[in-house]
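> Here you go, query09.txt (compact mmCIF, C-alpha atoms):
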```
# COMPACT_ATOMS: atom_id res chain seq x y z
CA MET A 21 17.94 -11.04 5.49
CA GLY A 22 14.84 -9.79 7.29
CA ARG A 23 14.73 -8.78 10.94
CA LEU A 24 13.71 -11.23 13.66
CA PHE A 25 11.53 -9.55 16.28
CA ASP A 26 10.98 -11.04 19.71
CA ASN A 27 8.18 -10.14 22.12
CA VAL A 28 10.09 -11.48 25.13
CA ALA A 29 13.17 -9.38 24.31
CA ASN A 30 10.92 -6.37 23.62
CA THR A 31 12.47 -5.64 20.22
CA SER A 32 11.11 -2.67 18.29
CA LEU A 33 12.13 0.03 15.84
CA GLN A 34 11.00 3.63 15.55
CA SER A 35 11.81 6.74 13.52
CA ALA A 36 12.12 10.26 14.89
CA THR A 37 9.68 11.65 12.32
CA THR A 38 7.42 10.54 9.46
CA PRO A 39 7.98 10.56 5.69
CA PHE A 40 4.83 12.63 5.12
CA PRO A 41 4.84 16.39 4.49
CA GLY A 42 5.07 18.00 7.89
CA GLY A 43 7.44 15.37 9.27
CA SER A 44 6.72 15.30 12.99
CA THR A 45 3.38 17.16 13.01
CA VAL A 46 1.43 15.25 10.41
CA GLY A 47 -2.31 15.63 10.07
CA THR A 48 -3.84 14.17 6.91
CA VAL A 49 -2.04 11.07 5.62
CA HIS A 50 -4.68 9.61 3.31
CA PRO A 51 -4.54 8.16 0.79
CA MET A 52 -1.87 5.80 2.07
CA THR A 53 -0.77 2.17 1.67
CA MET A 54 1.40 0.21 4.10
CA SER A 55 2.72 -3.28 3.38
CA ALA A 56 5.19 -5.85 4.68
CA TRP A 57 6.18 -9.48 4.39
CA ILE A 58 5.71 -11.27 7.70
CA LYS A 59 6.50 -14.69 9.14
CA PRO A 60 4.86 -14.73 12.58
CA VAL A 61 5.68 -17.37 15.16
CA SER A 62 2.04 -17.42 16.29
CA ALA A 63 -1.13 -16.87 14.25
CA ILE A 64 -3.40 -15.88 17.14
CA VAL A 65 -1.52 -13.22 19.08
CA ARG A 66 -2.25 -9.51 18.67
CA GLU A 67 0.98 -7.95 17.45
CA GLN A 68 1.99 -4.86 15.52
CA ILE A 69 3.71 -4.91 12.13
CA LEU A 70 4.00 -1.32 10.89
CA GLY A 71 2.34 1.95 11.78
CA VAL A 72 2.38 5.74 11.94
CA TYR A 73 1.85 7.07 15.48
CA ASP A 74 1.62 10.07 17.74
CA ILE A 75 3.98 8.70 20.39
CA SER A 76 3.07 11.33 23.01
CA VAL A 77 -0.56 10.22 23.45
CA ASN A 78 -2.39 6.92 23.59
CA ASN A 79 -5.10 7.45 20.99
CA GLN A 80 -3.75 8.51 17.60
CA TRP A 81 -2.39 6.13 14.97
CA HIS A 82 -2.75 4.23 11.71
CA ALA A 83 -1.47 0.69 12.13
CA LEU A 84 -1.06 -2.56 10.23
CA LEU A 85 -1.23 -5.49 12.64
CA ILE A 86 -2.26 -9.07 13.33
CA GLN A 87 -5.35 -9.31 15.52
CA ASP A 88 -5.65 -11.98 18.22
CA THR A 89 -8.18 -13.78 16.00
CA GLY A 90 -5.48 -14.22 13.34
CA THR A 91 -6.79 -11.62 10.92
CA VAL A 92 -4.68 -8.87 9.37
CA GLN A 93 -6.07 -5.52 10.47
CA MET A 94 -5.91 -1.91 9.36
CA PHE A 95 -6.57 0.06 12.57
CA THR A 96 -7.16 3.82 12.73
CA ARG A 97 -7.55 5.57 16.08
CA GLN A 98 -8.28 9.23 16.69
CA GLY A 99 -9.30 10.28 20.17
CA GLY A 100 -12.23 8.18 21.33
CA GLY A 101 -13.10 6.87 17.89
CA SER A 102 -11.61 3.96 16.02
CA GLY A 103 -12.04 2.12 12.74
CA ARG A 104 -10.84 -1.43 12.15
CA ALA A 105 -10.81 -3.36 8.89
CA ASP A 106 -10.13 -7.09 9.33
CA THR A 107 -9.38 -9.62 6.62
CA THR A 108 -11.76 -12.52 6.13
CA THR A 109 -8.77 -14.86 6.08
CA ILE A 110 -6.24 -15.54 8.85
CA VAL A 111 -2.47 -15.77 8.96
CA THR A 112 -0.53 -19.01 9.21
CA ALA A 113 2.25 -19.41 11.76
CA ASN A 114 5.84 -19.81 10.49
CA VAL A 115 4.94 -19.10 6.86
CA TRP A 116 5.86 -16.03 4.83
CA GLN A 117 2.76 -13.99 4.02
CA HIS A 118 2.11 -10.50 2.69
CA ALA A 119 0.15 -8.04 4.85
CA CYS A 120 -1.22 -4.81 3.44
CA ALA A 121 -3.33 -1.90 4.72
CA VAL A 122 -4.92 0.74 2.49
CA LEU A 123 -6.33 4.02 3.78
CA ASN A 124 -8.41 5.58 0.99
CA SER A 125 -10.10 8.27 3.09
CA THR A 126 -11.45 8.95 6.57
CA VAL A 127 -14.37 6.61 5.74
CA ASP A 128 -12.58 3.89 3.78
CA ARG A 129 -9.85 1.65 5.21
CA ARG A 130 -9.02 -1.86 4.00
CA ALA A 131 -6.85 -4.83 4.97
CA TYR A 132 -5.43 -7.67 2.87
CA LEU A 133 -3.59 -10.93 3.44
CA ASP A 134 -1.69 -12.02 0.33
CA ASN A 135 -4.00 -9.55 -1.45
CA ARG A 136 -7.02 -11.67 -0.64
CA GLY A 137 -9.69 -11.74 2.07
CA GLU A 138 -10.41 -8.03 1.78
CA GLY A 139 -11.69 -6.41 4.95
CA ILE A 140 -13.43 -3.01 4.73
CA ASN A 141 -14.31 -0.48 7.42
CA THR A 142 -16.26 2.75 6.75
CA THR A 143 -16.32 4.37 10.20
CA ASP A 144 -15.61 8.11 9.87
CA ILE A 145 -12.29 8.58 11.71
CA ALA A 146 -9.94 11.49 11.07
CA SER A 147 -6.23 10.97 10.53
CA GLY A 148 -5.01 12.67 13.69
CA SER A 149 -3.25 15.99 14.05
CA ALA A 150 0.27 15.21 15.29
CA LEU A 151 1.46 11.87 13.97
CA ASP A 152 5.20 11.96 14.49
CA ALA A 153 6.84 8.54 14.08
CA VAL A 154 6.97 5.36 12.02
CA ALA A 155 7.24 2.21 14.12
CA VAL A 156 8.02 -1.41 13.23
CA GLY A 157 7.33 -4.44 15.39
CA GLU A 158 5.63 -2.63 18.28
CA HIS A 159 2.63 -0.43 19.03
CA ARG A 160 4.38 2.90 19.72
CA ASP A 161 1.96 5.34 21.32
CA SER A 162 2.43 6.60 24.89
CA SER A 163 1.61 3.08 26.14
CA PRO A 164 3.80 0.89 23.90
CA GLY A 165 3.42 -2.84 23.65
CA ARG A 166 2.03 -5.72 21.57
CA ASN A 167 5.47 -6.54 20.16
CA PHE A 168 5.77 -8.73 17.10
CA THR A 169 7.41 -12.15 17.33
CA GLY A 170 8.78 -13.45 14.05
CA ASP A 171 10.37 -12.13 10.88
CA ILE A 172 9.49 -8.88 9.10
CA ALA A 173 10.94 -7.72 5.76
CA GLU A 174 10.29 -5.61 2.65
CA LEU A 175 8.27 -2.82 4.24
CA GLY A 176 6.83 0.03 2.22
CA ILE A 177 4.65 3.11 2.69
CA TRP A 178 3.11 4.89 -0.31
CA ASN A 179 1.21 8.18 -0.45
CA ILE A 180 -1.44 6.62 -2.69
CA ALA A 181 -3.94 3.78 -2.40
CA LEU A 182 -2.48 0.88 -4.37
CA SER A 183 -4.85 -0.92 -6.73
CA PHE A 184 -5.66 -4.63 -6.74
CA PHE A 185 -3.19 -5.17 -9.57
CA GLU A 186 -0.43 -3.27 -7.78
CA ARG A 187 -1.02 -5.15 -4.55
CA ASP A 188 -0.88 -8.39 -6.53
CA GLN A 189 2.54 -7.38 -7.81
CA LEU A 190 3.71 -7.22 -4.20
CA ALA A 191 1.93 -10.27 -2.81
CA ARG A 192 1.63 -12.74 -5.69
CA TRP A 193 4.52 -11.85 -8.01
CA ARG A 194 6.78 -10.87 -5.11
CA TYR A 195 7.87 -7.58 -6.57
CA SER A 196 9.88 -5.40 -4.24
CA PRO A 197 8.08 -2.19 -3.22
CA LEU A 198 10.82 -0.51 -5.27
CA LEU A 199 9.07 -1.79 -8.41
CA VAL A 200 5.50 -0.81 -7.54
CA ARG A 201 4.48 2.82 -8.08
CA ARG A 202 7.97 3.79 -7.01
CA GLU A 203 7.33 7.47 -7.69
CA HIS A 204 4.84 7.38 -4.79
CA LEU A 205 6.94 5.26 -2.44
CA ILE A 206 7.80 7.54 0.49
CA TRP A 207 9.33 5.04 2.93
CA TYR A 208 11.04 1.68 2.41
CA ARG A 209 13.18 -0.84 4.29
CA SER A 210 14.17 -4.23 2.92
CA PHE A 211 16.11 -5.31 6.07
CA ARG A 212 18.45 -7.28 3.78
CA PHE A 213 21.67 -5.71 5.05
CA PRO A 214 23.52 -5.48 8.40
CA ASP A 215 22.66 -1.77 8.64
CA LEU A 216 18.89 -1.83 9.03
CA ASN A 217 18.64 1.63 7.44
CA PHE A 218 20.71 0.73 4.37
CA ASP A 219 19.39 -0.14 0.94
CA PRO A 220 21.57 0.30 -2.16
CA PRO A 221 21.08 3.85 -3.51
CA ASP A 222 21.16 2.57 -7.08
CA LEU A 223 17.96 0.60 -6.39
CA LEU A 224 16.10 3.44 -4.67
CA PRO A 225 13.85 5.96 -6.42
CA PRO A 226 15.27 9.50 -6.43
CA GLN A 227 13.05 10.73 -3.58
CA LEU A 228 14.52 8.14 -1.19
CA ARG A 229 18.21 8.58 -2.00
CA GLY A 230 20.08 10.32 0.78
CA ASN A 231 16.90 10.94 2.71
CA ASN A 232 17.69 10.61 6.42
CA ARG A 233 14.50 12.16 7.80
CA HIS A 234 13.02 8.83 8.77
CA LEU A 235 15.91 6.68 10.00
CA LEU A 236 14.91 3.83 12.28
CA PHE A 237 16.56 3.31 15.63
CA ASN A 238 16.30 0.62 18.30
CA VAL A 239 13.79 1.59 20.96
CA ASN A 240 14.68 -1.21 23.36
CA ALA A 241 16.47 -4.34 22.15
CA ALA A 242 17.62 -4.56 18.54
CA PRO A 243 15.94 -7.19 16.36
CA ALA A 244 18.39 -9.80 15.11
CA PHE A 245 19.08 -10.78 11.53
CA GLY A 246 16.37 -13.22 10.51
CA ALA A 247 15.07 -14.89 7.38
CA HIS A 248 14.00 -13.12 4.18
CA PRO A 249 11.03 -13.97 1.97
CA PRO A 250 12.31 -15.97 -1.03
CA GLY A 251 12.04 -14.86 -4.61
CA ILE A 252 11.70 -11.10 -4.14
CA VAL A 253 12.23 -9.31 -7.48
CA TYR A 254 14.30 -6.12 -7.32
CA PRO A 255 14.80 -3.38 -9.91
CA ILE A 256 17.75 -3.13 -12.25
CA PRO A 257 20.39 -0.99 -10.50
CA ASP A 258 20.63 2.60 -11.71
CA ARG A 259 24.38 2.74 -12.15
CA THR A 260 24.38 6.36 -13.34
CA ALA A 261 23.17 7.58 -9.95
CA ILE A 262 26.02 5.83 -8.16
CA LEU A 263 28.80 6.47 -10.66
CA SER A 264 28.07 10.19 -10.63
CA ALA A 265 28.38 10.17 -6.85
CA GLY A 266 31.49 7.98 -6.84
CA VAL A 267 29.96 5.59 -4.31
CA SER A 268 30.39 1.82 -4.16
CA VAL A 269 27.38 -0.02 -2.76
CA GLY A 270 28.47 -3.63 -3.14
CA ILE A 271 25.63 -5.04 -5.23
CA THR A 272 26.50 -8.62 -6.11
CA ASP A 273 26.42 -10.05 -9.61
CA GLY A 274 23.88 -12.55 -8.38
CA GLU A 275 21.51 -9.81 -7.27
CA ILE A 276 21.90 -8.00 -10.57
CA ALA A 277 21.30 -11.20 -12.54
CA ALA A 278 18.23 -11.97 -10.49
CA ALA A 279 16.82 -8.50 -11.03
CA THR A 280 17.52 -8.34 -14.76
CA GLY A 281 16.66 -11.87 -15.79
CA PRO A 282 13.23 -12.77 -17.19
CA LYS A 283 12.64 -15.38 -14.49
CA ARG A 284 12.95 -15.81 -10.77
CA HIS A 285 12.73 -19.32 -9.36
CA ASP A 286 11.36 -20.60 -12.68
CA VAL A 287 8.30 -18.37 -12.55
CA ASP A 288 7.61 -16.51 -15.79
CA LEU A 289 6.84 -12.85 -15.22
CA PRO A 290 4.07 -11.69 -17.58
CA PRO A 291 5.14 -8.80 -19.84
CA ALA A 292 2.27 -6.64 -18.56
CA GLU A 293 3.76 -6.73 -15.06
CA VAL A 294 7.31 -5.72 -15.97
CA VAL A 295 7.66 -2.27 -14.50
CA ALA A 296 9.80 0.25 -16.40
CA TYR A 297 11.17 3.39 -14.84
```
Please express what this file holds, its structure, as structure tokens.

Amino acid sequence: MGRLFDNVANTSLQSATTPFPGGSTVGTVHPMTMSAWIKPVSAIVREQILGVYDISVNNQWHALLIQDTGTVQMFTRQGGGSGRADTTTIVTANVWQHACAVLNSTVDRRAYLDNRGEGINTTDIASGSALDAVAVGEHRDSSPGRNFTGDIAELGIWNIALSFFERDQLARWRYSPLLVRREHLIWYRSFRFPDLNFDPPDLLPPQLRGNNRHLLFNVNAAPAFGAHPPGIVYPIPDRTAILSAGVSVGITDGEIAAATGPKRHDVDLPPAEVVAY
């Protein structure tokens, strides 16, 4: 299941550091891609989805959010300067949609809704010098707010700029982030399990197994279990990684069958999009 965030209850999640080299004193983070599945209660309220912040000041971040006009936005702020890329399409309330932000460089940031409606911003804005936390569901600088209301699931951060084809795998074919350029996936949460920081180790790429540097914790109220986007395709479990460690992770036969079968929900997956690892 995903996590149900609530603006009234002030739910939000934050890590104590970032997954980038440097941890809590990050400067350059580009190229970078952030993505998530969202099901917002309202389509015209400014609310945060996912971001990397300097939580000690009020002017340094890279954030993926919904703007109050209903667009998905990639928002970079550094000191007095800011760059905002807004999609040309708007979100729909109470419907699962895929939001994605791509930071190619200091002069190239882009936003996507279901990998369509590309918004581009070319304002020259640096990455910041002390980004120190990942946050979900709330703007987490020194003046936090703009909490998300609705469901969030299947979040990923990559240290590359995903291509159109790779973003389509996430948004159109509903591939888990674990199946898309997984060697460059540096942060991931599915929110499918009671422990919001747990994902089965036999599904994770090696760089994310046993990595506790970026655990999320409840800042205020904890988001409840919510809905999950249907039809997400997960990788085949790597049993060797778990058997060698002697750990049981409780993957169900149904999840394995869904991941290994050629179809999900009667949708044929084209051979070119089957990711091997």
> From the list A:Ala63, A:Ala241, A:Leu33, A:Val200, which residue is nearest A:Asn114 when using all atoms listed in the file?
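Closest residue, counting all atoms listed in the file: A:Ala63.
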> Would you mind telling me which residue in A:Ala131, A:Leu223, A:Ala247, A:Val61 lies nearest to A:Thr112 when using only C-alpha atoms?
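The closest residue to A:Thr112 is A:Val61.
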> Excluding A:Pro249 and any residue of its chain fewer than 2 positions from it, enumerate the residues within 9 Å of it, using only C-alpha atoms, and give them as a PDB file with C-alpha atoms, keeping the file's coordinate frame.

```pdb
ATOM      1  CA  MET A  21      17.940 -11.040   5.490  1.00  0.00           C
ATOM      2  CA  GLY A  22      14.840  -9.790   7.290  1.00  0.00           C
ATOM      3  CA  TRP A  57       6.180  -9.480   4.390  1.00  0.00           C
ATOM      4  CA  ILE A  58       5.710 -11.270   7.700  1.00  0.00           C
ATOM      5  CA  LYS A  59       6.500 -14.690   9.140  1.00  0.00           C
ATOM      6  CA  TRP A 116       5.860 -16.030   4.830  1.00  0.00           C
ATOM      7  CA  GLN A 117       2.760 -13.990   4.020  1.00  0.00           C
ATOM      8  CA  ILE A 172       9.490  -8.880   9.100  1.00  0.00           C
ATOM      9  CA  ALA A 173      10.940  -7.720   5.760  1.00  0.00           C
ATOM     10  CA  GLU A 174      10.290  -5.610   2.650  1.00  0.00           C
ATOM     11  CA  ARG A 194       6.780 -10.870  -5.110  1.00  0.00           C
ATOM     12  CA  ALA A 247      15.070 -14.890   7.380  1.00  0.00           C
ATOM     13  CA  GLY A 251      12.040 -14.860  -4.610  1.00  0.00           C
ATOM     14  CA  ILE A 252      11.700 -11.100  -4.140  1.00  0.00           C
TER      15      ILE A 252
END
```
> Find the residue from A:Thr142, A:Asp258, A:Ser210, A:Tyr195 that sits nearest to A:Pro226; use only C-alpha atoms when measuring.
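For A:Pro226, the nearest of the given residues is A:Asp258.
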> Work out how far apart atom CA of A:Pro197 and atom CA of A:Pro214 are and give it in Å to one decimal.
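One can read the atom CA of A:Pro197 to atom CA of A:Pro214 distance as 19.6 Å.
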